[in-house]
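Below is one structure, written out as structure tokens; the observations come after it.
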4 protein chains.
Amino acid sequence: MILILTPNINHEGEAYRHLLAHLSRLPNIQLRVHREQGAERALTEIYLIGNTSSVSVDEMKSLPGVERVVRVSEEYRVIGRHKGDDRAAHFEYQGVRFGQDTLNVFAGLCAVDTLENVEQMMRSLQENLQVCARMGAYKPRTSPYSFQGHGRKCLPYVFEMAGKYGIKVIAMEITHESHIAEIQEALRETGNATGVMLQIGTRNTQNFEMLKKVGRQQDFPVLLKRGFGITLDESLHAAEYLASEGNHKIIFGLRGIKTNLGDPHRNFVDFAHVPVVKRLTRMPVCIDPSHAIGSRSRGPEGILDLMHATAQGVIAGANMVLVDFHPEPDRALVDGPQALLLKELPHFLEDVQIAREAYEKRQALAERYIAMSSEREEKVLKLQPADTI
Amino acid sequence: MILILTPNINHEGEAYRHLLAHLSRLPNIQLRVHREQGAERALTEIYLIGNTSSVSVDEMKSLPGVERVVRVSEEYRVIGRHKGDDRAAHFEYQGVRFGQDTLNVFAGLCAVDTLENVEQMMRSLQENLQVCARMGAYKPRTSPYSFQGHGRKCLPYVFEMAGKYGIKVIAMEITHESHIAEIQEALRETGNATGVMLQIGTRNTQNFEMLKKVGRQQDFPVLLKRGFGITLDESLHAAEYLASEGNHKIIFGLRGIKTNLGDPHRNFVDFAHVPVVKRLTRMPVCIDPSHAIGSRSRGPEGILDLMHATAQGVIAGANMVLVDFHPEPDRALVDGPQALLLKELPHFLEDVQIAREAYEKRQALAERYIAMSSEREEKVLKLQPADTI
Amino acid sequence: MILILTPNINHEGEAYRHLLAHLSRLPNIQLRVHREQGAERALTEIYLIGNTSSVSVDEMKSLPGVERVVRVSEEYRVIGRHKGDDRAAHFEYQGVRFGQDTLNVFAGLCAVDTLENVEQMMRSLQENLQVCARMGAYKPRTSPYSFQGHGRKCLPYVFEMAGKYGIKVIAMEITHESHIAEIQEALRETGNATGVMLQIGTRNTQNFEMLKKVGRQQDFPVLLKRGFGITLDESLHAAEYLASEGNHKIIFGLRGIKTNLGDPHRNFVDFAHVPVVKRLTRMPVCIDPSHAIGSRSRGPEGILDLMHATAQGVIAGANMVLVDFHPEPDRALVDGPQALLLKELPHFLEDVQIAREAYEKRQALAERYIAMSSEREEKVLKLQPADTI
Amino acid sequence: MILILTPNINHEGEAYRHLLAHLSRLPNIQLRVHREQGAERALTEIYLIGNTSSVSVDEMKSLPGVERVVRVSEEYRVIGRHKGDDRAAHFEYQGVRFGQDTLNVFAGLCAVDTLENVEQMMRSLQENLQVCARMGAYKPRTSPYSFQGHGRKCLPYVFEMAGKYGIKVIAMEITHESHIAEIQEALRETGNATGVMLQIGTRNTQNFEMLKKVGRQQDFPVLLKRGFGITLDESLHAAEYLASEGNHKIIFGLRGIKTNLGDPHRNFVDFAHVPVVKRLTRMPVCIDPSHAIGSRSRGPEGILDLMHATAQGVIAGANMVLVDFHPEPDRALVDGPQALLLKELPHFLEDVQIAREAYEKRQALAERYIAMSSEREEKVLKLQPADTI
């Protein structure tokens, strides 16, 4: 059960102390306090953990200092959508809004190689009015003998270039908790030229110890990718590891499932799960068409499969797109075959825009039909009494 | 190797006889003649089967009566897209065009139960300007003790109702070759009130003996569904069984893959394969969102997952949608939980329309970028000689 | 519910007529009579189909002519093991016993190619004291352009050679119902020189129409292979199609599952399901190591993976082994890479024997422990009254 | 390329210095020295990393101080079996030999709960002459709200009890690098009462950063479990992460694959891969039947599926069995349903013994046939010259 307290409640004040004292007397219930400082107001939530079946929602609501109460189901307590749950499904970071209602494209280098390529990428993004980018510094590779990314060494110039070209958020995979401090330090050294969204890759989706550590910091939002051999449900539970430790700025990423039934694509594209994640949780949903498709093959219209997959995710309501570009894919150190060319960026963005507009039209259409149907039902309800008398 | 002869070539004439005589002298090559009678012209193709590596395309082209020559690769000889292959990727049936460039919706009953429901369905379709329908008479069921469909008994009234409400093509699954004759007879008895597209379900995708029989008739086009435990490649080879026997009016159907990694959907939606099938073969591609999704769950916008999946298929260029409707899903004998309500038909069709328009815009956008890019390349080519002098 | 009647009950007699008359008055229950003529006695079973929850087992047992009554659960009514169900888990054919307690090896040609190879194979089998063989005449192939087997043409010499070398049962895949008659005819023509076990391959596991036809004949026992993209449960339901039509001589075959997670093996070996099938049903279980492994690779001890997989199936209680041999694997028309050499037959059989003996020891060990544990429990029970007084 | 130096070579001596100087002049080749101190002798290996195609094996062999040279293929350089590679496929730890030729059973608690249960378990093991055990202190759980293991708190009494009952090696999963130090400390504090084999679970198979850390220590051998959604090849590459950092005492664990095609078992049992891992690498292979099967269901002979799966692994040459026992499975905090009862331990061990003996007989049989076949070939070779003269 989650108690959402009145905004800006004073943690030193009497009301709060009384409340806590009262709650701590509930038998077999543990308390966990979660506090989030927004631009204008501070939000406090208290989680009652344990068997809360005998705790009454109404009684909790009536306690001074409590604004709202959500009885969570067992599944996805913090990130889930529960009955009567009107907690937010969005957050802000670096002035950019990430929500189940927005769409952000993160184009960039799968693996940072040279300063020149980073700068060229950033410049292209700025020319195309983008404020987000993807940049891979730490690369988990199947073989220990493959290039593992430039790591901390490249962070200074990546962040500097981001600042120079107005990029506000960089999605960057980390593969160890120590990378958080490395990123923090490099940001500090570059005068916080940009912001970072920590990315947790499919191989670490159930690296619970790292999830706990990432969940404990609130500097950076987190993009958690689905694990490739586990069910969607298990991956969503992994997101709950982040949330239960206090970080609620989580985006969930779909990137395809490993099975040869997806051939000739690199992975089996799973973007039909976009609405599922949005229904079960309050997390925005990211799609990663580059890793899902893994090649530059194209349909007979001349459109890349990768762009088709992107359009499929977006028309179903995806909120973020992570996509690999590279100035010279042939020379990319990692995943070159799936990278788009810089000159394809405008086409890609326009294509995304068409799909997004279609999604918005579909949304408006659904609203119209829902409204019509409730009107009809209301009419029926209004008529019925008369009829039945 | 395929020789496409001049249209309307006279099979009794000398040119044809000479050609055949010549070809039959090619060593270790077998001939198979395929003739298709269109509305205006008869098309004759001759397949050279065997090791044709030493047969010259140019020599074949120069033979009297030969219009074009396609050297097919090993894969998907008849249905495939080969280099320099400009054979048609569409066909007509009952005045309706089915091609990689069109979109047809087949809404209807997964399993025919009563005349009343059939009539209600057909009437709704007509009201919504539809000329195609799906109607299941023969149902393959996991358990022998489940309802197996009304079979031939329901055909007369199904076809009659189709005729009454202007339905021109009914997609209908068959599970045994004998059903072809039953359908032919019932059509005849109802004065050919409508047309039928034979549907081969996922359990019979590799029922090669049935495929051969279905391939030998040319009365009916065929919708072949992907097999659920085999690769896409293997399913496309199954389509080749139909084609190699002479029936080239084939639509390939995607309907999801069986694996719990697709949970909570009934199957793992595979519509990212739409452009793949269109690239590898000349078959139009059908999507079956009802069997792929298998439920009426919906995203937080109130849009059914099933409609999201449909939009995903259509925005990537799907050419046919097979979708279950039922006047009273709760009473449906088969797959009720996934059926849409009749009153949802207009919403569904409008939603499809939005996705189709987005696809067409994407196509136009791609054409523009392709044109720009060739122009640029031409300019570069024009400039280069001057530069290099 | 199944009523097992007294053996040799006279279907013309009064007792039987009375029984049937009585049963036919049960409301909403349909009757299906199944009769099996053994060497010494005729067995009659009556299936009550419908909602039998209100029918009392005791009442049914008390009816004249009824020997035993089994209340079947919903799942696998005929082939299943139900509570208190002591129906046989074995059958005889051509003097060979096939049961959950026996082991038979069917070695032979995956695809019949020449008379010489058939004869060589049969001779080797006889030299090694085998009375069963596998011989493929009808081959389902992924591509229509691959060799499809010699079909009916090879049957006469296959059966003749079988007779010549004392082979009593040949396992032979059929891919169409018409093959049954072809086999019957060829057997007749060769003076019933041998017997045939019809094999239904993984591509036809859910070809329900063929299953029904095969189920309706009782000349031949049937080996039904598991479908490769469906769950075990669904494949067992397919076996029920055979059984519900009257043929109860069914062996269930495991042959691996198609997924790249089984690499480098051709399929993912599923022989851990041997005890599962034996627990859920009364069918003997066959394993097909050749198709499961698909290669001749071997472990560092020099033992083929294929022989390891066989030993794994047998030590867990498999009752039949289907295995590919070929005099010249390099020249085999189908699946050569997985075939064993004729000279490897003695080694293979001895290896199987070691695994079978281990299984029998394990069985004896389990019996000893089960006996000890019941003795102990009995002792406890005997002691308790004294103790508690 | 790997150079195996003469045993006990003096790293301060001139021969060694000369060798290193020479090797460091090879163009584009990096050196990595790996030294292992055995009971009697020190082993030094030098890895030449880079493009060694132009380096001659013979030249390297002729260098003073070099005993043997192995040209490794790209795959699994350190752990792999390469052509002409006679490096050891075994290691010793705590006086226990772990090799591709031995079998060790690790029975014990999936999750440590109470001191009493630990002691009871250890006592049973001693009574049954076991010197190895499994004990779970750190438990990775799908949900953050599930019991996560007692962690470091339970280590002291676990190690103490191990010492008391003569257990020499405990297999214990770690989920974070920091657990290594915790284990080292607890061992020290209990006077190194026992030894520990670090276990890396299926969720961390590709947690490369942890693998690197675990690979860098040589105190403890490592049991690396296969990742459940990746290919065998990818999991073997993960083992190479451990090996390339210096720890060569690695056992590879099979524990089943996650897919509903394995139902009703918890996972799809993959023990047919036992000989594959032994062929591709020099690692001993462990099987984990408890997690693979996940239940106590049994076949009609009364033998648990779990024991069948164990026998299947062992008869194919498995070298280690990890199996869950619990004094009171109903009260176990984790995975109770799959735990065996303490009183079942003797039966389990005897059953394993039967399978192991069968494996050894199979091995002897194979050797006999291999010898016969080479004799025959030799005879042929001896005869041929005479014949051909």
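FYI, nothing fancy with the structure tokens labels: chains A, B, ... in order, residues from 1 per chain, ligands from 1 as they appear.
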
Residues near Asn319 of chain D, cut-off 9 Å, only C-alpha atoms, skip fewer than 5 positions along chain, as a PyMOL selection string: chain D and resi 98-105+251+284-287+313-314

Write down, as number ranges by chain, each residue of chain C that has any atom within 12 Å of an atom of chain A, counting only C-alpha atoms. C: 229, 258-263

Prev. selection, all heavy atoms, output as a JSON list (two decimals), in the first residue's frame:
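This is the output file again-v7.json:
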```
[["chain", "number", "residue", "atom", "x", "y", "z"],
["C", 229, "GLY", "N", 6.80, -27.51, -32.94],
["C", 229, "GLY", "CA", 6.62, -26.15, -32.44],
["C", 229, "GLY", "C", 5.51, -26.04, -31.43],
["C", 229, "GLY", "O", 5.07, -24.96, -31.10],
["C", 258, "LYS", "N", 12.63, -27.87, -32.43],
["C", 258, "LYS", "CA", 13.37, -26.97, -33.31],
["C", 258, "LYS", "C", 13.65, -25.66, -32.62],
["C", 258, "LYS", "O", 12.73, -24.87, -32.40],
["C", 258, "LYS", "CB", 12.46, -26.65, -34.50],
["C", 258, "LYS", "CG", 12.89, -27.25, -35.80],
["C", 258, "LYS", "CD", 11.99, -26.77, -36.91],
["C", 258, "LYS", "CE", 12.83, -26.14, -37.99],
["C", 258, "LYS", "NZ", 13.69, -27.11, -38.66],
["C", 259, "THR", "N", 14.87, -25.38, -32.27],
["C", 259, "THR", "CA", 15.26, -24.06, -31.78],
["C", 259, "THR", "C", 16.77, -23.99, -31.77],
["C", 259, "THR", "O", 17.45, -24.98, -31.50],
["C", 259, "THR", "CB", 14.76, -23.77, -30.35],
["C", 259, "THR", "OG1", 15.62, -22.80, -29.75],
["C", 259, "THR", "CG2", 14.77, -24.98, -29.46],
["C", 260, "ASN", "N", 17.30, -22.80, -32.07],
["C", 260, "ASN", "CA", 18.75, -22.70, -32.13],
["C", 260, "ASN", "C", 19.38, -22.82, -30.75],
["C", 260, "ASN", "O", 20.60, -22.91, -30.63],
["C", 260, "ASN", "CB", 19.19, -21.41, -32.82],
["C", 260, "ASN", "CG", 18.64, -20.17, -32.15],
["C", 260, "ASN", "OD1", 17.71, -20.25, -31.33],
["C", 260, "ASN", "ND2", 19.20, -19.02, -32.46],
["C", 261, "LEU", "N", 18.58, -22.85, -29.69],
["C", 261, "LEU", "CA", 19.16, -23.08, -28.37],
["C", 261, "LEU", "C", 19.68, -24.51, -28.25],
["C", 261, "LEU", "O", 20.38, -24.84, -27.31],
["C", 261, "LEU", "CB", 18.15, -22.75, -27.27],
["C", 261, "LEU", "CG", 17.80, -21.26, -27.20],
["C", 261, "LEU", "CD1", 16.80, -21.00, -26.09],
["C", 261, "LEU", "CD2", 19.05, -20.41, -26.98],
["C", 262, "GLY", "N", 19.31, -25.37, -29.18],
["C", 262, "GLY", "CA", 19.82, -26.74, -29.18],
["C", 262, "GLY", "C", 21.13, -26.88, -29.96],
["C", 262, "GLY", "O", 21.75, -27.93, -29.93],
["C", 263, "ASP", "N", 21.55, -25.82, -30.65],
["C", 263, "ASP", "CA", 22.81, -25.88, -31.41],
["C", 263, "ASP", "C", 23.95, -26.35, -30.52],
["C", 263, "ASP", "O", 23.99, -25.97, -29.35],
["C", 263, "ASP", "CB", 23.19, -24.52, -31.97],
["C", 263, "ASP", "CG", 22.25, -24.07, -33.07],
["C", 263, "ASP", "OD1", 21.43, -24.89, -33.52],
["C", 263, "ASP", "OD2", 22.33, -22.89, -33.45]]
```

Identify all residues of segment 2-58 of chain B in strand (DSSP E) (DSSP on the backbone) and supply them as a list in words.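 Here are the strand (DSSP E) residues of segment 2-58 of chain B: Ile2, Leu3, Ile4, Leu5, Ile29, Gln30, Leu31, Arg32, Val33, His34, Arg35, Glu36, Gln37, Ala42, Leu43, Thr44, Glu45, Ile46, Tyr47, Leu48, Ile49 and Gly50 of chain B.
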
Helix (DSSP H, G or I) per DSSP on the backbone: members of segment 39-95 of chain B, as a PyMOL selection string: chain B and resi 57-61

In Å to one decimal, how far is atom CA of Arg368 of chain A from atom CA of Gly302 of chain B?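 A separation of 10.9 Å between them.
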
Quick one: residues within 7 Å of segment 237-248 of chain C, only C-alpha atoms, excluding same-chain residues fewer than 4 positions away - as a list in words? Thr142, Ser143 and Pro144 of chain B; His34, Tyr76, Val78, Ile79, Thr205, Gln206, Leu211, Lys212, Val214, Gly215, Arg216, Gln217, Gln218, Leu224 and Asp233 of chain C

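Counting only C-alpha atoms and comparing C:Val334, C:Glu360, C:Leu223, C:Leu232, the residue that lies closest to Gln148 of chain C is C:Val334.
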
Give me the residues near His176 of chain B as a list in words, where near means some atom within 9 Å (using only C-alpha atoms) and where sequence neighbours in that chain fewer than 4 positions away do not count. Ile180 and Met210 of chain B; Asn207, Phe208, Glu209 and Met210 of chain C

Please produce a file of those selected residues containing N, CA and C atoms, as a PDB file, in the first residue's frame.
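The result, stored in out.pdb:
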```
ATOM      1  N   ILE B 180     -12.133 -29.057 -50.824  1.00  0.00           N
ATOM      2  CA  ILE B 180     -12.162 -28.257 -52.055  1.00  0.00           C
ATOM      3  C   ILE B 180     -13.404 -28.599 -52.864  1.00  0.00           C
ATOM      4  N   MET B 210      -1.325 -32.101 -48.890  1.00  0.00           N
ATOM      5  CA  MET B 210      -2.475 -31.225 -49.098  1.00  0.00           C
ATOM      6  C   MET B 210      -2.051 -30.011 -49.922  1.00  0.00           C
TER       7      MET B 210
ATOM      8  N   ASN C 207      -2.057 -32.684 -38.229  1.00  0.00           N
ATOM      9  CA  ASN C 207      -2.848 -32.889 -39.448  1.00  0.00           C
ATOM     10  C   ASN C 207      -4.007 -33.795 -39.029  1.00  0.00           C
ATOM     11  N   PHE C 208      -4.995 -33.155 -38.407  1.00  0.00           N
ATOM     12  CA  PHE C 208      -6.037 -33.911 -37.706  1.00  0.00           C
ATOM     13  C   PHE C 208      -6.834 -34.824 -38.640  1.00  0.00           C
ATOM     14  N   GLU C 209      -7.037 -34.366 -39.873  1.00  0.00           N
ATOM     15  CA  GLU C 209      -7.830 -35.190 -40.799  1.00  0.00           C
ATOM     16  C   GLU C 209      -7.104 -36.499 -41.096  1.00  0.00           C
ATOM     17  N   MET C 210      -5.790 -36.422 -41.260  1.00  0.00           N
ATOM     18  CA  MET C 210      -5.045 -37.663 -41.491  1.00  0.00           C
ATOM     19  C   MET C 210      -5.060 -38.519 -40.229  1.00  0.00           C
TER      20      MET C 210
END
```

Given only C-alpha atoms as the counted atoms, nearest of A:Asp288, A:Asp219, A:Ala311, A:His326 to Ala358 of chain B: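 Of all the options, A:Ala311 lies closest to Ala358 of chain B.
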
One residue among C:Arg97, C:His11, C:Val131, C:Ala181 is nearest to Ala162 of chain C when using only C-alpha atoms, and that residue is C:Val131

Atom CA of Gln37 of chain B and atom CA of Gln184 of chain B are how many Å apart?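 Pair atom CA of Gln37 of chain B / atom CA of Gln184 of chain B returns 19.3 Å.
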
Tell me which protein, DNA and RNA residues are within 12 Å of Tyr16 of chain A, counting only C-alpha atoms, leaving out same-chain ones fewer than 2 positions away, and put them as a compact mmCIF listing (two decimals) with all heavy atoms, in the first residue's frame.
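Dumped everything to out_10.txt:
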```txt
# COMPACT_ATOMS: atom_id res chain seq x y z
N LEU A 5 1.60 11.57 0.40
CA LEU A 5 1.34 12.63 1.40
C LEU A 5 1.05 13.96 0.72
O LEU A 5 1.29 14.13 -0.48
CB LEU A 5 2.55 12.75 2.34
CG LEU A 5 2.98 11.45 3.03
CD1 LEU A 5 3.93 11.76 4.19
CD2 LEU A 5 1.79 10.64 3.54
N THR A 6 0.53 14.88 1.47
CA THR A 6 0.28 16.23 0.91
C THR A 6 1.62 16.81 0.47
O THR A 6 2.63 16.64 1.15
CB THR A 6 -0.36 17.15 1.98
OG1 THR A 6 0.39 16.99 3.19
CG2 THR A 6 -1.79 16.77 2.23
N PRO A 7 1.65 17.49 -0.67
CA PRO A 7 2.92 18.01 -1.19
C PRO A 7 3.60 18.91 -0.17
O PRO A 7 2.93 19.59 0.62
CB PRO A 7 2.50 18.81 -2.43
CG PRO A 7 1.16 18.29 -2.81
CD PRO A 7 0.52 17.84 -1.53
N ASN A 8 4.88 18.93 -0.21
CA ASN A 8 5.70 19.80 0.65
C ASN A 8 5.48 19.56 2.14
O ASN A 8 5.74 20.45 2.96
CB ASN A 8 5.43 21.28 0.32
CG ASN A 8 5.83 21.59 -1.12
OD1 ASN A 8 6.81 21.04 -1.61
ND2 ASN A 8 5.05 22.41 -1.80
N ILE A 9 5.02 18.40 2.51
CA ILE A 9 4.83 18.14 3.94
C ILE A 9 6.18 18.25 4.65
O ILE A 9 7.22 17.83 4.12
CB ILE A 9 4.21 16.73 4.16
CG1 ILE A 9 3.75 16.60 5.61
CG2 ILE A 9 5.19 15.62 3.80
CD1 ILE A 9 2.86 15.40 5.85
N ASN A 10 6.14 18.85 5.80
CA ASN A 10 7.37 19.11 6.55
C ASN A 10 7.79 17.87 7.33
O ASN A 10 7.06 17.43 8.23
CB ASN A 10 7.14 20.31 7.49
CG ASN A 10 8.38 20.59 8.32
OD1 ASN A 10 9.43 19.97 8.11
ND2 ASN A 10 8.24 21.54 9.26
N HIS A 11 8.93 17.33 6.99
CA HIS A 11 9.37 16.11 7.65
C HIS A 11 9.80 16.34 9.10
O HIS A 11 10.07 15.40 9.82
CB HIS A 11 10.52 15.45 6.86
CG HIS A 11 10.05 14.71 5.67
ND1 HIS A 11 10.57 13.53 5.25
CD2 HIS A 11 9.03 14.97 4.79
CE1 HIS A 11 9.95 13.10 4.17
NE2 HIS A 11 9.01 13.97 3.87
N GLU A 12 9.92 17.59 9.47
CA GLU A 12 10.28 17.89 10.85
C GLU A 12 9.03 18.21 11.67
O GLU A 12 9.08 18.28 12.90
CB GLU A 12 11.24 19.11 10.91
CG GLU A 12 12.41 19.01 9.94
CD GLU A 12 13.25 17.77 10.17
OE1 GLU A 12 13.43 17.37 11.34
OE2 GLU A 12 13.72 17.16 9.17
N GLY A 13 7.92 18.41 10.95
CA GLY A 13 6.70 18.88 11.64
C GLY A 13 6.01 17.79 12.43
O GLY A 13 6.29 16.60 12.30
N GLU A 14 5.05 18.24 13.21
CA GLU A 14 4.36 17.33 14.12
C GLU A 14 3.46 16.36 13.36
O GLU A 14 3.40 15.17 13.68
CB GLU A 14 3.53 18.15 15.11
CG GLU A 14 3.24 17.36 16.37
CD GLU A 14 2.74 18.31 17.48
OE1 GLU A 14 3.01 19.53 17.33
OE2 GLU A 14 2.11 17.85 18.43
N HIS A 18 3.60 12.43 13.89
CA HIS A 18 2.44 11.67 14.35
C HIS A 18 2.08 10.55 13.39
O HIS A 18 1.81 9.42 13.78
CB HIS A 18 1.23 12.60 14.52
CG HIS A 18 1.17 13.21 15.89
ND1 HIS A 18 0.49 14.37 16.17
CD2 HIS A 18 1.70 12.80 17.06
CE1 HIS A 18 0.63 14.66 17.45
NE2 HIS A 18 1.37 13.71 18.02
N LEU A 19 2.06 10.93 12.14
CA LEU A 19 1.71 9.96 11.11
C LEU A 19 2.65 8.75 11.18
O LEU A 19 2.22 7.59 11.22
CB LEU A 19 1.82 10.62 9.73
CG LEU A 19 1.54 9.72 8.52
CD1 LEU A 19 0.11 9.21 8.55
CD2 LEU A 19 1.78 10.49 7.22
N LEU A 20 3.94 9.05 11.20
CA LEU A 20 4.92 7.97 11.22
C LEU A 20 4.78 7.09 12.47
O LEU A 20 4.87 5.86 12.41
CB LEU A 20 6.34 8.54 11.14
CG LEU A 20 7.11 8.03 9.93
CD1 LEU A 20 6.43 8.52 8.65
CD2 LEU A 20 8.55 8.51 9.96
N ALA A 21 4.54 7.76 13.58
CA ALA A 21 4.38 7.02 14.84
C ALA A 21 3.18 6.09 14.73
O ALA A 21 3.24 4.90 15.06
CB ALA A 21 4.21 8.01 15.98
N HIS A 22 2.09 6.63 14.19
CA HIS A 22 0.89 5.82 14.04
C HIS A 22 1.14 4.60 13.13
O HIS A 22 0.82 3.47 13.46
CB HIS A 22 -0.24 6.67 13.46
CG HIS A 22 -1.50 5.90 13.26
ND1 HIS A 22 -2.39 5.63 14.28
CD2 HIS A 22 -2.02 5.29 12.16
CE1 HIS A 22 -3.40 4.91 13.82
NE2 HIS A 22 -3.19 4.69 12.53
N LEU A 23 1.76 4.90 11.99
CA LEU A 23 1.99 3.82 11.02
C LEU A 23 2.92 2.75 11.58
O LEU A 23 2.75 1.56 11.30
CB LEU A 23 2.59 4.39 9.72
CG LEU A 23 1.68 5.33 8.92
CD1 LEU A 23 2.43 5.93 7.74
CD2 LEU A 23 0.43 4.60 8.43
N VAL A 33 10.15 5.10 3.30
CA VAL A 33 9.78 6.46 2.89
C VAL A 33 10.54 6.83 1.63
O VAL A 33 11.75 6.64 1.54
CB VAL A 33 10.11 7.47 4.01
CG1 VAL A 33 9.79 8.90 3.53
CG2 VAL A 33 9.32 7.12 5.26
N THR A 44 6.32 13.21 -1.08
CA THR A 44 6.69 12.14 -0.16
C THR A 44 5.69 10.99 -0.29
O THR A 44 4.48 11.21 -0.29
CB THR A 44 6.71 12.64 1.30
OG1 THR A 44 7.58 13.77 1.38
CG2 THR A 44 7.20 11.55 2.24
N GLU A 45 6.23 9.79 -0.44
CA GLU A 45 5.38 8.61 -0.47
C GLU A 45 5.85 7.66 0.62
O GLU A 45 7.04 7.51 0.86
CB GLU A 45 5.50 7.89 -1.82
CG GLU A 45 4.93 8.69 -2.99
CD GLU A 45 5.10 7.98 -4.34
OE1 GLU A 45 5.73 6.89 -4.36
OE2 GLU A 45 4.60 8.51 -5.34
N ILE A 46 4.89 7.05 1.30
CA ILE A 46 5.26 6.04 2.30
C ILE A 46 4.74 4.69 1.84
O ILE A 46 3.55 4.55 1.51
CB ILE A 46 4.68 6.38 3.69
CG1 ILE A 46 5.21 7.76 4.13
CG2 ILE A 46 5.06 5.31 4.71
CD1 ILE A 46 4.73 8.18 5.49
N LEU A 63 -6.03 9.83 7.63
CA LEU A 63 -4.94 10.29 8.51
C LEU A 63 -4.46 11.67 8.06
O LEU A 63 -4.31 11.91 6.87
CB LEU A 63 -3.77 9.29 8.47
CG LEU A 63 -4.08 7.89 9.05
CD1 LEU A 63 -2.88 6.97 8.83
CD2 LEU A 63 -4.42 7.98 10.52
N PRO A 64 -4.20 12.56 8.98
CA PRO A 64 -3.69 13.89 8.63
C PRO A 64 -2.37 13.77 7.88
O PRO A 64 -1.50 12.99 8.28
CB PRO A 64 -3.49 14.57 9.99
CG PRO A 64 -4.29 13.77 10.96
CD PRO A 64 -4.36 12.38 10.42
N GLY A 65 -2.24 14.50 6.81
CA GLY A 65 -1.01 14.49 6.03
C GLY A 65 -1.08 13.56 4.83
O GLY A 65 -0.27 13.64 3.92
N VAL A 66 -2.08 12.68 4.81
CA VAL A 66 -2.20 11.74 3.69
C VAL A 66 -3.15 12.31 2.65
O VAL A 66 -4.29 12.68 2.98
CB VAL A 66 -2.73 10.37 4.18
CG1 VAL A 66 -2.98 9.44 3.01
CG2 VAL A 66 -1.75 9.77 5.17
```

Extract, using only C-alpha atoms, all DNA, RNA and protein residues at most 9 Å from Asp85 of chain B, discarding same-chain residues fewer than 2 positions from it, and format them as a list in words.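 Result of the neighbour search: Val69, Val70, Arg71, Val72, Gly80, Arg81, His82, Lys83, Arg87 and Ala88 of chain B.
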
With a distance cut-off of 12 Å and only C-alpha atoms, select the neighbouring residues of Leu345 of chain C, excluding the residue or stretch itself and same-chain residues fewer than 6 positions from it, and output the selection as a PyMOL selection string. (chain C and resi 105-108+121-130+307+323-327+339+351-352) or (chain D and resi 369)

Could you tell me how far atom CA of Ala111 of chain C lies from atom CA of Gly136 of chain C, in Å and to one decimal?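 Rounded to one decimal, the two atoms are 4.3 Å apart.
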